[in-house]
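Step one of this worksheet: look at the structure below.
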Amino acid sequence: MTIADGIRESIEKSSWIRKMFEEGARLKAEFGEENVFDFSLGNPDLDPPVEFINKMRSLTSADIKNVHGYMENAGLPEARKAIAEKVARDHGADMEPGNIIMTCGAAGGLNVVLKAILNPGDEVIVIKPYFVEYGFYISNHNGTMVLVETNEDFSLNIDAISRAITPKTKAVLINSPNNPTGKIYSAAEIDALSSLLREKSDDGGSIYLISDEPYREIVFDNVEVPSILNYYNESVIVTSYSKSLSIPGERIGYIAVNPSCSGIDTLMAGMIVCNRILGYVNAPAFMQRVVSGMNNVTVDVDAYKRRRDLFVQGLEDAGYDFPRPEGAFYIFCKSPVEDDVEFVRHLQNYNILVVPGVGFGGPGYFRIAYCVSEDIISRSLPKFREALETFR
Ligand SMILES: Cc1ncc(COP(=O)(O)O)c(C=O)c1O
């Protein structure tokens with residue numbers, strides 16, 4: 001069979017995910033589903049909020065003209081209006097419906113932004129460890145991913161970012177709350193990054209700051225997620241309802257561009273065309289109508305907090321080392337040995353499935369996704385302890 005060389009490589013690069021999946025299936029078949037502690041997938045298990053279900057029900061019986069038809073590629077006017085209001089409120093910033101584009105999830109949104117801004121060979125700075133799909137999205141649009149280390153506590157290393165900037169740098173892509181670390185970048189970090197980007201931007205065109213934030217609403221202990229809109233003009237937010245409403249399969253999200261961004265009309269026109277020609281055409285119509293009414297609705301974030309607290313306490317007591325996650329639903333835990341894959345394999349002997357940090361550009365760590373029940377977490381904790389005690 002002939003397929004493109006680049007795609008053959010992508011299949012190979014994705015193979016560890018497949019291996020994890022296969023290993024999970026094997027363990028579940030052998031020991032029973034309830035005896036396998038699967039923390040490998042970031043697939044939210046909480047039910048969507050009741051308001052979401054009710055809105056869907058009411059819409060199925062509503063008589064809406066041209067309900068299933070094509071629409072403007074940027075999305076339904078009522079969805080863009082509702083979301084502009086939500087962004088203005090949540091970010092404490094100006095936002096207009098004309099600066100919103102409805103997308104097929106955050107993944108679709110990121111591809112739209114990158115396609116619109118990248119010339120071949122342009123560089124996008126990504127902070128390590130990172131959501132591994134970024135590499136594919138950037139190469140989809142002929143860009144080059146430039147990976148930059150964080151500080152030890154996963155905060156932004158502004159000097160390292162500064163050193164990575166070249167005349168080809170088109171954008172810096174950040175993700176906060178972060179997958180895989182659970183870190184939220186502070187106002188001071190965003191401020192310092194914005195100052196750096198202003199200083200480095202030349203007359204020929206500024207460097208965009210893109211914030212991928214599908215976990216913005218999953219935060220604990222009243223920690224605030226500072227908005228890039230208040231720090232840097234050339235800023236673009238990409239997000240989705242995948243995690244905040246537990247609906248990743250419905251593929252609904254949006255792009256919000258800072259109204260002060262230079263050349264905003266051209267940027268918006270470019271992204272709207274990209275939404276069309278990437279083949280998305282427009283975000284799913286039905287879901288646009290549903291989320292238009294969800295400005296005050298999220299999943300039960302306290303359920304994630306209870307799980308985080310349970311896990312953090314249990315892992316600390318067992319002797320594991322990791323920074324306390326402030327948001328999202330991941331713990332990025334230090335492996336007791338440099339080779340994280342070796343320790344991940346050892347955990348599998350205890351029917352525990354986690355993802356090696358090397359898969360996120362963070363070797364020496366492993367990621368635990370705690371979008372599973374408290375019962376599974378509680379039952380897994382003695383196994384985590386035993387695994388650490390018996391290692392080597
Ligand atoms: C950091 C990050 N960005 C983007 C996405 C993709 O989100 P969506 O399913 O809304 O496309 C995910 C999904 O897990 C993610 O973790």
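Chain lettering (A, B, ...) mirrors the order of the structure tokens, residue numbering begins at 1 for each chain separately, and ligand numbering begins at 1 in order of display.
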Enumerate as a list in words the residues within 6 Å of ligand 1, counting only C-alpha atoms and all ligand atoms. Gly42, Gly105, Ala106, Ala107, Phe131, Asn175, Asn179, Asp212, Ser240, Ser242 and Pro248 of chain A
Quick one: residues within 10 Å of segment 230-232 of chain A, only C-alpha atoms, excluding same-chain residues fewer than 4 positions away - as a list in words?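 Those residues are His91, Gly92, Ala93, Asp94, Ala187, Ile190, Asp191, Ala192, Leu193, Ser194, Ser195, Leu197, Arg198, Tyr208, Leu209, Pro226, Val236, Asn258, Ser260 and Cys261 of chain A.
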Could you dump the residues just selected with N, CA and C atoms as a PDB file, in the first residue's frame?
ATOM      1  N   HIS A  91     -13.046  36.525  30.977  1.00  0.00           N
ATOM      2  CA  HIS A  91     -11.675  37.033  30.817  1.00  0.00           C
ATOM      3  C   HIS A  91     -11.554  38.485  31.271  1.00  0.00           C
ATOM      4  N   GLY A  92     -12.697  39.106  31.583  1.00  0.00           N
ATOM      5  CA  GLY A  92     -12.655  40.522  31.967  1.00  0.00           C
ATOM      6  C   GLY A  92     -12.032  41.349  30.851  1.00  0.00           C
ATOM      7  N   ALA A  93     -12.449  41.072  29.609  1.00  0.00           N
ATOM      8  CA  ALA A  93     -11.816  41.721  28.443  1.00  0.00           C
ATOM      9  C   ALA A  93     -12.887  42.039  27.402  1.00  0.00           C
ATOM     10  N   ASP A  94     -12.557  42.932  26.479  1.00  0.00           N
ATOM     11  CA  ASP A  94     -13.500  43.215  25.387  1.00  0.00           C
ATOM     12  C   ASP A  94     -13.557  42.016  24.447  1.00  0.00           C
ATOM     13  N   ALA A 187      -0.215  35.136  36.689  1.00  0.00           N
ATOM     14  CA  ALA A 187      -0.282  36.441  36.017  1.00  0.00           C
ATOM     15  C   ALA A 187       1.131  36.968  35.769  1.00  0.00           C
ATOM     16  N   ILE A 190       2.582  35.243  32.700  1.00  0.00           N
ATOM     17  CA  ILE A 190       1.966  35.691  31.442  1.00  0.00           C
ATOM     18  C   ILE A 190       2.436  37.116  31.123  1.00  0.00           C
ATOM     19  N   ASP A 191       2.567  37.919  32.166  1.00  0.00           N
ATOM     20  CA  ASP A 191       3.031  39.297  31.996  1.00  0.00           C
ATOM     21  C   ASP A 191       4.465  39.299  31.433  1.00  0.00           C
ATOM     22  N   ALA A 192       5.323  38.470  32.033  1.00  0.00           N
ATOM     23  CA  ALA A 192       6.724  38.429  31.591  1.00  0.00           C
ATOM     24  C   ALA A 192       6.826  37.905  30.153  1.00  0.00           C
ATOM     25  N   LEU A 193       6.021  36.887  29.847  1.00  0.00           N
ATOM     26  CA  LEU A 193       6.037  36.340  28.485  1.00  0.00           C
ATOM     27  C   LEU A 193       5.561  37.404  27.489  1.00  0.00           C
ATOM     28  N   SER A 194       4.503  38.135  27.859  1.00  0.00           N
ATOM     29  CA  SER A 194       3.965  39.169  26.962  1.00  0.00           C
ATOM     30  C   SER A 194       4.996  40.270  26.724  1.00  0.00           C
ATOM     31  N   SER A 195       5.694  40.681  27.780  1.00  0.00           N
ATOM     32  CA  SER A 195       6.731  41.722  27.622  1.00  0.00           C
ATOM     33  C   SER A 195       7.815  41.227  26.680  1.00  0.00           C
ATOM     34  N   LEU A 197       7.543  39.000  24.291  1.00  0.00           N
ATOM     35  CA  LEU A 197       7.065  38.913  22.904  1.00  0.00           C
ATOM     36  C   LEU A 197       6.958  40.311  22.280  1.00  0.00           C
ATOM     37  N   ARG A 198       6.564  41.288  23.082  1.00  0.00           N
ATOM     38  CA  ARG A 198       6.509  42.667  22.562  1.00  0.00           C
ATOM     39  C   ARG A 198       7.907  43.133  22.170  1.00  0.00           C
ATOM     40  N   TYR A 208       2.528  35.822  17.476  1.00  0.00           N
ATOM     41  CA  TYR A 208       1.240  35.547  18.114  1.00  0.00           C
ATOM     42  C   TYR A 208       1.447  34.764  19.402  1.00  0.00           C
ATOM     43  N   LEU A 209       0.598  35.041  20.370  1.00  0.00           N
ATOM     44  CA  LEU A 209       0.528  34.193  21.561  1.00  0.00           C
ATOM     45  C   LEU A 209      -0.800  33.439  21.474  1.00  0.00           C
ATOM     46  N   PRO A 226      -5.102  33.457  34.546  1.00  0.00           N
ATOM     47  CA  PRO A 226      -5.036  34.803  33.960  1.00  0.00           C
ATOM     48  C   PRO A 226      -5.329  34.763  32.467  1.00  0.00           C
ATOM     49  N   VAL A 236      -4.565  34.970  20.792  1.00  0.00           N
ATOM     50  CA  VAL A 236      -5.661  34.162  20.259  1.00  0.00           C
ATOM     51  C   VAL A 236      -5.950  33.037  21.251  1.00  0.00           C
ATOM     52  N   ASN A 258      -8.191  38.481  20.196  1.00  0.00           N
ATOM     53  CA  ASN A 258      -8.130  39.772  20.890  1.00  0.00           C
ATOM     54  C   ASN A 258      -8.532  40.894  19.913  1.00  0.00           C
ATOM     55  N   SER A 260      -7.841  43.831  19.885  1.00  0.00           N
ATOM     56  CA  SER A 260      -6.735  44.779  19.646  1.00  0.00           C
ATOM     57  C   SER A 260      -5.636  44.185  18.764  1.00  0.00           C
ATOM     58  N   CYS A 261      -5.823  42.973  18.299  1.00  0.00           N
ATOM     59  CA  CYS A 261      -4.807  42.315  17.464  1.00  0.00           C
ATOM     60  C   CYS A 261      -4.633  43.093  16.154  1.00  0.00           C
TER      61      CYS A 261
END
Between A:Ala84, A:Arg345, A:Val299, A:Ile247, which is the closest to Glu96 of chain A once you count only C-alpha atoms? A:Ala84
Pull the closest atom pair for each residue of segment 326-360 of chain A that gets at most 9 Å from segment 19-23 of chain A, along with the distance in Å to one decimal, counting only C-alpha atoms, ordering rows by chain and then ascending residue number, as a Markdown table.
| residue | atom | partner | partner_atom | distance |
| --- | --- | --- | --- | --- |
| A:Gln348 | CA | A:Glu23 | CA | 8.6 |
| A:Leu353 | CA | A:Met20 | CA | 7.6 |
| A:Val354 | CA | A:Met20 | CA | 8.3 |
| A:Val355 | CA | A:Met20 | CA | 7.6 |
Can you pull out the residues contacting Ala82 of chain A? Cut-off 9 Å, using only C-alpha atoms, and skip same-chain residues under 2 positions away; I want them as a list of chain:residue names.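 My list of contacting residues is A:Pro77, A:Glu78, A:Ala79, A:Arg80, A:Ala84, A:Glu85, A:Lys86, A:Val87, A:Pro97, A:Val291, A:Ser292, A:Gly293, A:Met294, A:Asn295.
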Atoms kept (all heavy atoms) for selection, written as an mmCIF file, in the first residue's frame:
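result_9.cif, written as the output of this step:
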data_model
loop_
_atom_site.group_PDB
_atom_site.id
_atom_site.type_symbol
_atom_site.label_atom_id
_atom_site.label_comp_id
_atom_site.auth_asym_id
_atom_site.auth_seq_id
_atom_site.Cartn_x
_atom_site.Cartn_y
_atom_site.Cartn_z
ATOM 1 N N PRO A 77 -24.800 33.090 14.159
ATOM 2 C CA PRO A 77 -24.706 34.381 14.850
ATOM 3 C C PRO A 77 -25.046 34.287 16.336
ATOM 4 O O PRO A 77 -24.377 34.891 17.173
ATOM 5 C CB PRO A 77 -25.717 35.260 14.102
ATOM 6 C CG PRO A 77 -25.818 34.623 12.755
ATOM 7 C CD PRO A 77 -25.595 33.156 12.936
ATOM 8 N N GLU A 78 -26.072 33.482 16.690
ATOM 9 C CA GLU A 78 -26.453 33.449 18.123
ATOM 10 C C GLU A 78 -25.382 32.769 18.973
ATOM 11 O O GLU A 78 -25.157 33.141 20.122
ATOM 12 C CB GLU A 78 -27.825 32.786 18.336
ATOM 13 C CG GLU A 78 -27.905 31.300 18.085
ATOM 14 C CD GLU A 78 -28.542 30.966 16.736
ATOM 15 O OE1 GLU A 78 -28.324 31.714 15.749
ATOM 16 O OE2 GLU A 78 -29.250 29.936 16.677
ATOM 17 N N ALA A 79 -24.668 31.790 18.379
ATOM 18 C CA ALA A 79 -23.600 31.121 19.131
ATOM 19 C C ALA A 79 -22.425 32.074 19.327
ATOM 20 O O ALA A 79 -21.870 32.197 20.423
ATOM 21 C CB ALA A 79 -23.152 29.861 18.387
ATOM 22 N N ARG A 80 -22.063 32.787 18.278
ATOM 23 C CA ARG A 80 -20.921 33.716 18.367
ATOM 24 C C ARG A 80 -21.226 34.837 19.365
ATOM 25 O O ARG A 80 -20.356 35.267 20.115
ATOM 26 C CB ARG A 80 -20.602 34.289 16.982
ATOM 27 C CG ARG A 80 -20.189 33.191 15.993
ATOM 28 C CD ARG A 80 -20.062 33.737 14.587
ATOM 29 N NE ARG A 80 -18.835 34.481 14.386
ATOM 30 C CZ ARG A 80 -18.608 35.283 13.341
ATOM 31 N NH1 ARG A 80 -19.559 35.466 12.439
ATOM 32 N NH2 ARG A 80 -17.456 35.904 13.212
ATOM 33 N N ALA A 84 -19.165 35.398 22.755
ATOM 34 C CA ALA A 84 -18.474 36.686 22.974
ATOM 35 C C ALA A 84 -18.816 37.213 24.369
ATOM 36 O O ALA A 84 -17.943 37.710 25.089
ATOM 37 C CB ALA A 84 -18.875 37.683 21.898
ATOM 38 N N GLU A 85 -20.071 37.056 24.776
ATOM 39 C CA GLU A 85 -20.477 37.517 26.121
ATOM 40 C C GLU A 85 -19.768 36.710 27.207
ATOM 41 O O GLU A 85 -19.295 37.244 28.204
ATOM 42 C CB GLU A 85 -22.003 37.389 26.281
ATOM 43 C CG GLU A 85 -22.751 38.469 25.514
ATOM 44 C CD GLU A 85 -24.243 38.183 25.353
ATOM 45 O OE1 GLU A 85 -24.775 37.237 25.991
ATOM 46 O OE2 GLU A 85 -24.872 38.900 24.547
ATOM 47 N N LYS A 86 -19.677 35.414 26.975
ATOM 48 C CA LYS A 86 -19.011 34.537 27.959
ATOM 49 C C LYS A 86 -17.527 34.895 28.086
ATOM 50 O O LYS A 86 -16.990 35.019 29.187
ATOM 51 C CB LYS A 86 -19.170 33.077 27.526
ATOM 52 C CG LYS A 86 -18.420 32.083 28.395
ATOM 53 C CD LYS A 86 -18.669 30.658 27.894
ATOM 54 C CE LYS A 86 -17.672 29.657 28.443
ATOM 55 N NZ LYS A 86 -17.698 29.555 29.903
ATOM 56 N N VAL A 87 -16.862 35.061 26.944
ATOM 57 C CA VAL A 87 -15.424 35.367 26.977
ATOM 58 C C VAL A 87 -15.205 36.720 27.645
ATOM 59 O O VAL A 87 -14.319 36.874 28.489
ATOM 60 C CB VAL A 87 -14.813 35.337 25.549
ATOM 61 C CG1 VAL A 87 -13.364 35.799 25.565
ATOM 62 C CG2 VAL A 87 -14.917 33.930 24.963
ATOM 63 N N PRO A 97 -18.789 39.459 18.878
ATOM 64 C CA PRO A 97 -19.159 38.240 18.141
ATOM 65 C C PRO A 97 -18.323 38.069 16.874
ATOM 66 O O PRO A 97 -17.987 36.935 16.488
ATOM 67 C CB PRO A 97 -20.634 38.470 17.785
ATOM 68 C CG PRO A 97 -21.129 39.456 18.807
ATOM 69 C CD PRO A 97 -19.956 40.305 19.187
ATOM 70 N N VAL A 291 -24.645 24.825 22.934
ATOM 71 C CA VAL A 291 -23.688 25.531 23.801
ATOM 72 C C VAL A 291 -23.990 27.031 23.913
ATOM 73 O O VAL A 291 -23.531 27.680 24.839
ATOM 74 C CB VAL A 291 -22.205 25.298 23.388
ATOM 75 C CG1 VAL A 291 -21.860 23.819 23.464
ATOM 76 C CG2 VAL A 291 -21.879 25.899 22.036
ATOM 77 N N SER A 292 -24.800 27.555 22.977
ATOM 78 C CA SER A 292 -25.211 28.963 23.093
ATOM 79 C C SER A 292 -25.907 29.225 24.419
ATOM 80 O O SER A 292 -25.918 30.351 24.906
ATOM 81 C CB SER A 292 -26.209 29.342 21.991
ATOM 82 O OG SER A 292 -25.622 29.168 20.756
ATOM 83 N N GLY A 293 -26.507 28.182 25.000
ATOM 84 C CA GLY A 293 -27.226 28.361 26.268
ATOM 85 C C GLY A 293 -26.440 27.865 27.469
ATOM 86 O O GLY A 293 -27.010 27.669 28.542
ATOM 87 N N MET A 294 -25.152 27.642 27.324
ATOM 88 C CA MET A 294 -24.376 27.020 28.406
ATOM 89 C C MET A 294 -23.374 27.980 29.057
ATOM 90 O O MET A 294 -22.369 27.539 29.611
ATOM 91 C CB MET A 294 -23.606 25.790 27.864
ATOM 92 C CG MET A 294 -24.466 24.661 27.364
ATOM 93 S SD MET A 294 -25.437 23.852 28.652
ATOM 94 C CE MET A 294 -27.075 24.294 28.138
ATOM 95 N N ASN A 295 -23.649 29.289 28.981
ATOM 96 C CA ASN A 295 -22.664 30.246 29.515
ATOM 97 C C ASN A 295 -22.420 30.111 31.015
ATOM 98 O O ASN A 295 -21.384 30.516 31.509
ATOM 99 C CB ASN A 295 -23.084 31.685 29.194
ATOM 100 C CG ASN A 295 -22.619 32.099 27.800
ATOM 101 O OD1 ASN A 295 -22.124 31.263 27.050
ATOM 102 N ND2 ASN A 295 -22.773 33.358 27.469
#
Set the distance at 9 Å and use only C-alpha atoms: which residues neighbour segment 374-390 of chain A once local chain neighbours fewer than 5 positions away are removed? I'd like the list as a list in words.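 Close residues of segment 374-390 of chain A: Glu34, Asn35, Val36, Phe37, Asp38, Ala303, Arg306, Arg307, Leu310, Phe311, Gly314, Leu315, Asp317, Ala318, Gly319, Tyr320, Pro336, Phe343, His346, Leu347, Asn349, Tyr350, Asn351 and Ile352 of chain A.
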Give the helix (DSSP H, G or I) residues of segment 71-149 of chain A, as assigned by DSSP on the backbone, as a ChimeraX atom specification. /A:77-91,97-99,105-117,133-140
Deliver the residues from the most recent selection as a file, using N, CA and C atoms, as a tab-separated table (two decimals), in the first residue's frame.
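Output file out35.tsv is given in full below:
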chain	number	residue	atom	x	y	z
A	77	PRO	N	-24.80	33.09	14.16
A	77	PRO	CA	-24.71	34.38	14.85
A	77	PRO	C	-25.05	34.29	16.34
A	78	GLU	N	-26.07	33.48	16.69
A	78	GLU	CA	-26.45	33.45	18.12
A	78	GLU	C	-25.38	32.77	18.97
A	79	ALA	N	-24.67	31.79	18.38
A	79	ALA	CA	-23.60	31.12	19.13
A	79	ALA	C	-22.43	32.07	19.33
A	80	ARG	N	-22.06	32.79	18.28
A	80	ARG	CA	-20.92	33.72	18.37
A	80	ARG	C	-21.23	34.84	19.37
A	81	LYS	N	-22.51	35.26	19.38
A	81	LYS	CA	-22.89	36.34	20.31
A	81	LYS	C	-22.81	35.83	21.76
A	82	ALA	N	-23.37	34.67	22.01
A	82	ALA	CA	-23.36	34.13	23.39
A	82	ALA	C	-21.93	33.92	23.86
A	83	ILE	N	-21.09	33.42	22.96
A	83	ILE	CA	-19.72	33.12	23.38
A	83	ILE	C	-18.91	34.39	23.57
A	84	ALA	N	-19.17	35.40	22.75
A	84	ALA	CA	-18.47	36.69	22.97
A	84	ALA	C	-18.82	37.21	24.37
A	85	GLU	N	-20.07	37.06	24.78
A	85	GLU	CA	-20.48	37.52	26.12
A	85	GLU	C	-19.77	36.71	27.21
A	86	LYS	N	-19.68	35.41	26.98
A	86	LYS	CA	-19.01	34.54	27.96
A	86	LYS	C	-17.53	34.90	28.09
A	87	VAL	N	-16.86	35.06	26.94
A	87	VAL	CA	-15.42	35.37	26.98
A	87	VAL	C	-15.21	36.72	27.64
A	88	ALA	N	-16.04	37.72	27.29
A	88	ALA	CA	-15.89	39.06	27.89
A	88	ALA	C	-16.01	38.95	29.41
A	89	ARG	N	-16.99	38.19	29.86
A	89	ARG	CA	-17.22	38.05	31.31
A	89	ARG	C	-16.07	37.27	31.97
A	90	ASP	N	-15.75	36.10	31.43
A	90	ASP	CA	-14.77	35.21	32.09
A	90	ASP	C	-13.35	35.77	32.03
A	91	HIS	N	-13.05	36.52	30.98
A	91	HIS	CA	-11.68	37.03	30.82
A	91	HIS	C	-11.55	38.48	31.27
A	97	PRO	N	-18.79	39.46	18.88
A	97	PRO	CA	-19.16	38.24	18.14
A	97	PRO	C	-18.32	38.07	16.87
A	98	GLY	N	-17.95	39.17	16.24
A	98	GLY	CA	-17.17	39.10	15.01
A	98	GLY	C	-15.76	38.56	15.21
A	99	ASN	N	-15.33	38.45	16.48
A	99	ASN	CA	-13.98	37.93	16.76
A	99	ASN	C	-14.00	36.48	17.24
A	105	GLY	N	-14.08	21.45	18.00
A	105	GLY	CA	-13.22	21.22	19.17
A	105	GLY	C	-12.02	22.15	19.17
A	106	ALA	N	-11.21	21.99	20.23
A	106	ALA	CA	-9.99	22.79	20.31
A	106	ALA	C	-9.00	22.32	19.24
A	107	ALA	N	-9.01	21.03	18.95
A	107	ALA	CA	-8.10	20.49	17.94
A	107	ALA	C	-8.38	21.13	16.58
A	108	GLY	N	-9.66	21.23	16.22
A	108	GLY	CA	-10.02	21.88	14.96
A	108	GLY	C	-9.60	23.34	14.98
A	109	GLY	N	-9.83	24.00	16.12
A	109	GLY	CA	-9.48	25.42	16.25
A	109	GLY	C	-7.98	25.65	16.09
A	110	LEU	N	-7.18	24.80	16.70
A	110	LEU	CA	-5.72	24.96	16.59
A	110	LEU	C	-5.27	24.80	15.14
A	111	ASN	N	-5.85	23.81	14.46
A	111	ASN	CA	-5.48	23.62	13.05
A	111	ASN	C	-5.87	24.82	12.20
A	112	VAL	N	-7.01	25.43	12.50
A	112	VAL	CA	-7.45	26.61	11.76
A	112	VAL	C	-6.48	27.77	11.98
A	113	VAL	N	-6.12	28.02	13.23
A	113	VAL	CA	-5.21	29.13	13.52
A	113	VAL	C	-3.86	28.89	12.83
A	114	LEU	N	-3.33	27.68	13.00
A	114	LEU	CA	-1.99	27.41	12.46
A	114	LEU	C	-1.98	27.49	10.94
A	115	LYS	N	-3.04	26.97	10.32
A	115	LYS	CA	-3.08	27.05	8.84
A	115	LYS	C	-3.13	28.50	8.38
A	116	ALA	N	-3.85	29.32	9.15
A	116	ALA	CA	-4.02	30.72	8.73
A	116	ALA	C	-2.74	31.54	8.88
A	117	ILE	N	-1.88	31.19	9.85
A	117	ILE	CA	-0.73	32.09	10.12
A	117	ILE	C	0.62	31.57	9.62
A	133	GLU	N	-0.22	16.06	20.41
A	133	GLU	CA	-0.81	16.32	19.10
A	133	GLU	C	-0.32	17.64	18.49
A	134	TYR	N	0.21	18.55	19.31
A	134	TYR	CA	0.69	19.83	18.77
A	134	TYR	C	1.68	19.62	17.63
A	135	GLY	N	2.55	18.63	17.81
A	135	GLY	CA	3.57	18.37	16.78
A	135	GLY	C	2.93	18.03	15.44
A	136	PHE	N	1.87	17.24	15.49
A	136	PHE	CA	1.18	16.87	14.25
A	136	PHE	C	0.48	18.10	13.65
A	137	TYR	N	-0.17	18.88	14.50
A	137	TYR	CA	-0.93	20.04	13.99
A	137	TYR	C	0.02	21.03	13.31
A	138	ILE	N	1.18	21.26	13.94
A	138	ILE	CA	2.12	22.24	13.37
A	138	ILE	C	2.66	21.71	12.04
A	139	SER	N	2.99	20.42	12.00
A	139	SER	CA	3.53	19.90	10.73
A	139	SER	C	2.44	19.78	9.68
A	140	ASN	N	1.17	19.65	10.08
A	140	ASN	CA	0.07	19.68	9.09
A	140	ASN	C	0.16	20.92	8.20
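Atom CA of Ala171 of chain A lies 4.9 Å from atom CA of Val124 of chain A.
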Excluding Ala74 of chain A and any residue of its chain fewer than 2 positions from it, enumerate the residues within 9 Å of it, using only C-alpha atoms, and give them as a list in words.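 Residues near the query, excluding close chain neighbours: Met71, Glu72, Leu76, Pro77, Arg80, Gly98, Ile100, Ile101, Met102, Thr103, Met271, Ile272, Val273, Asn275, Arg276, Val281, Asn282 and Ala283 of chain A.
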Selection export as a tab-separated table (two decimals), in the first residue's frame, atoms kept: N, CA and C atoms:
chain	number	residue	atom	x	y	z
A	71	MET	N	-24.27	27.09	6.94
A	71	MET	CA	-24.35	28.41	7.58
A	71	MET	C	-23.08	29.17	7.24
A	72	GLU	N	-22.93	30.37	7.79
A	72	GLU	CA	-21.65	31.07	7.64
A	72	GLU	C	-20.56	30.19	8.22
A	76	LEU	N	-22.95	30.07	13.74
A	76	LEU	CA	-24.26	30.72	13.88
A	76	LEU	C	-24.12	32.04	14.64
A	77	PRO	N	-24.80	33.09	14.16
A	77	PRO	CA	-24.71	34.38	14.85
A	77	PRO	C	-25.05	34.29	16.34
A	80	ARG	N	-22.06	32.79	18.28
A	80	ARG	CA	-20.92	33.72	18.37
A	80	ARG	C	-21.23	34.84	19.37
A	98	GLY	N	-17.95	39.17	16.24
A	98	GLY	CA	-17.17	39.10	15.01
A	98	GLY	C	-15.76	38.56	15.21
A	100	ILE	N	-15.17	35.85	17.09
A	100	ILE	CA	-15.34	34.44	17.50
A	100	ILE	C	-15.55	33.58	16.26
A	101	ILE	N	-14.89	32.43	16.23
A	101	ILE	CA	-15.16	31.43	15.19
A	101	ILE	C	-15.49	30.12	15.89
A	102	MET	N	-16.62	29.54	15.55
A	102	MET	CA	-17.00	28.24	16.12
A	102	MET	C	-16.20	27.14	15.37
A	103	THR	N	-15.67	26.19	16.16
A	103	THR	CA	-14.77	25.18	15.57
A	103	THR	C	-15.14	23.76	16.00
A	271	MET	N	-8.82	32.92	8.89
A	271	MET	CA	-9.20	31.75	9.70
A	271	MET	C	-10.56	31.19	9.28
A	272	ILE	N	-11.46	32.08	8.90
A	272	ILE	CA	-12.79	31.61	8.47
A	272	ILE	C	-12.65	30.78	7.18
A	273	VAL	N	-11.80	31.26	6.28
A	273	VAL	CA	-11.54	30.46	5.05
A	273	VAL	C	-10.92	29.11	5.44
A	275	ASN	N	-11.25	27.40	8.19
A	275	ASN	CA	-12.28	26.51	8.76
A	275	ASN	C	-13.00	25.78	7.63
A	276	ARG	N	-13.23	26.52	6.54
A	276	ARG	CA	-13.93	25.92	5.39
A	276	ARG	C	-13.04	24.96	4.64
A	281	VAL	N	-15.75	23.00	7.28
A	281	VAL	CA	-16.84	23.82	6.72
A	281	VAL	C	-17.43	24.72	7.83
A	282	ASN	N	-18.09	24.09	8.78
A	282	ASN	CA	-18.49	24.84	9.99
A	282	ASN	C	-18.57	23.85	11.14
A	283	ALA	N	-18.60	24.38	12.36
A	283	ALA	CA	-18.74	23.49	13.53
A	283	ALA	C	-20.15	22.90	13.53
Skipping near chain neighbours, those fewer than 4 positions away, what residues fall within 10 Å of Glu152 of chain A using only C-alpha atoms, listed as a JSON list (two decimals) with C-alpha atoms, in the first residue's frame?
[["chain", "number", "residue", "atom", "x", "y", "z"],
["A", 156, "LEU", "CA", 7.46, 29.25, 32.22],
["A", 157, "ASN", "CA", 11.20, 29.72, 31.73],
["A", 323, "PRO", "CA", 4.00, 19.11, 41.75]]
Taking only C-alpha atoms into account, which of A:Leu118, A:Ile165, A:Leu245, A:Ile11 comes nearest Val297 of chain A? A:Leu245
Got a sec to tell me which of segment 191-300 of chain A DSSP assigns to strand (DSSP E), as a list in words?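 Answer for segment 191-300 of chain A, restricted to strand (DSSP E): Tyr208, Leu209, Ile210, Ser211, Asp212, Ser235, Val236, Ile237, Val238, Thr239, Ser240, Gly253, Tyr254, Ile255, Ala256 and Val257 of chain A.
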Between A:Ala328, A:Ala269, A:Ile207, A:Val148, single out the one closest to Val219 of chain A, counting only C-alpha atoms.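 Smallest distance to Val219 of chain A is found for A:Ala328.
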Rounded to one decimal, what separation in Å do you get between atom CA of Pro363 of chain A and atom CA of Phe391 of chain A?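 Atom CA of Phe391 of chain A lies 18.1 Å from atom CA of Pro363 of chain A.
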Nearest residue to Ser235 of chain A from the set A:Leu278, A:Thr298, A:Ile174, A:Ala188 (distances using only C-alpha atoms):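 Looking at the shortest contact to Ser235 of chain A, the residue is A:Ile174.
The spacing separating atom CA of Glu338 of chain A from atom CA of Gly364 of chain A amounts to 4.8 Å.
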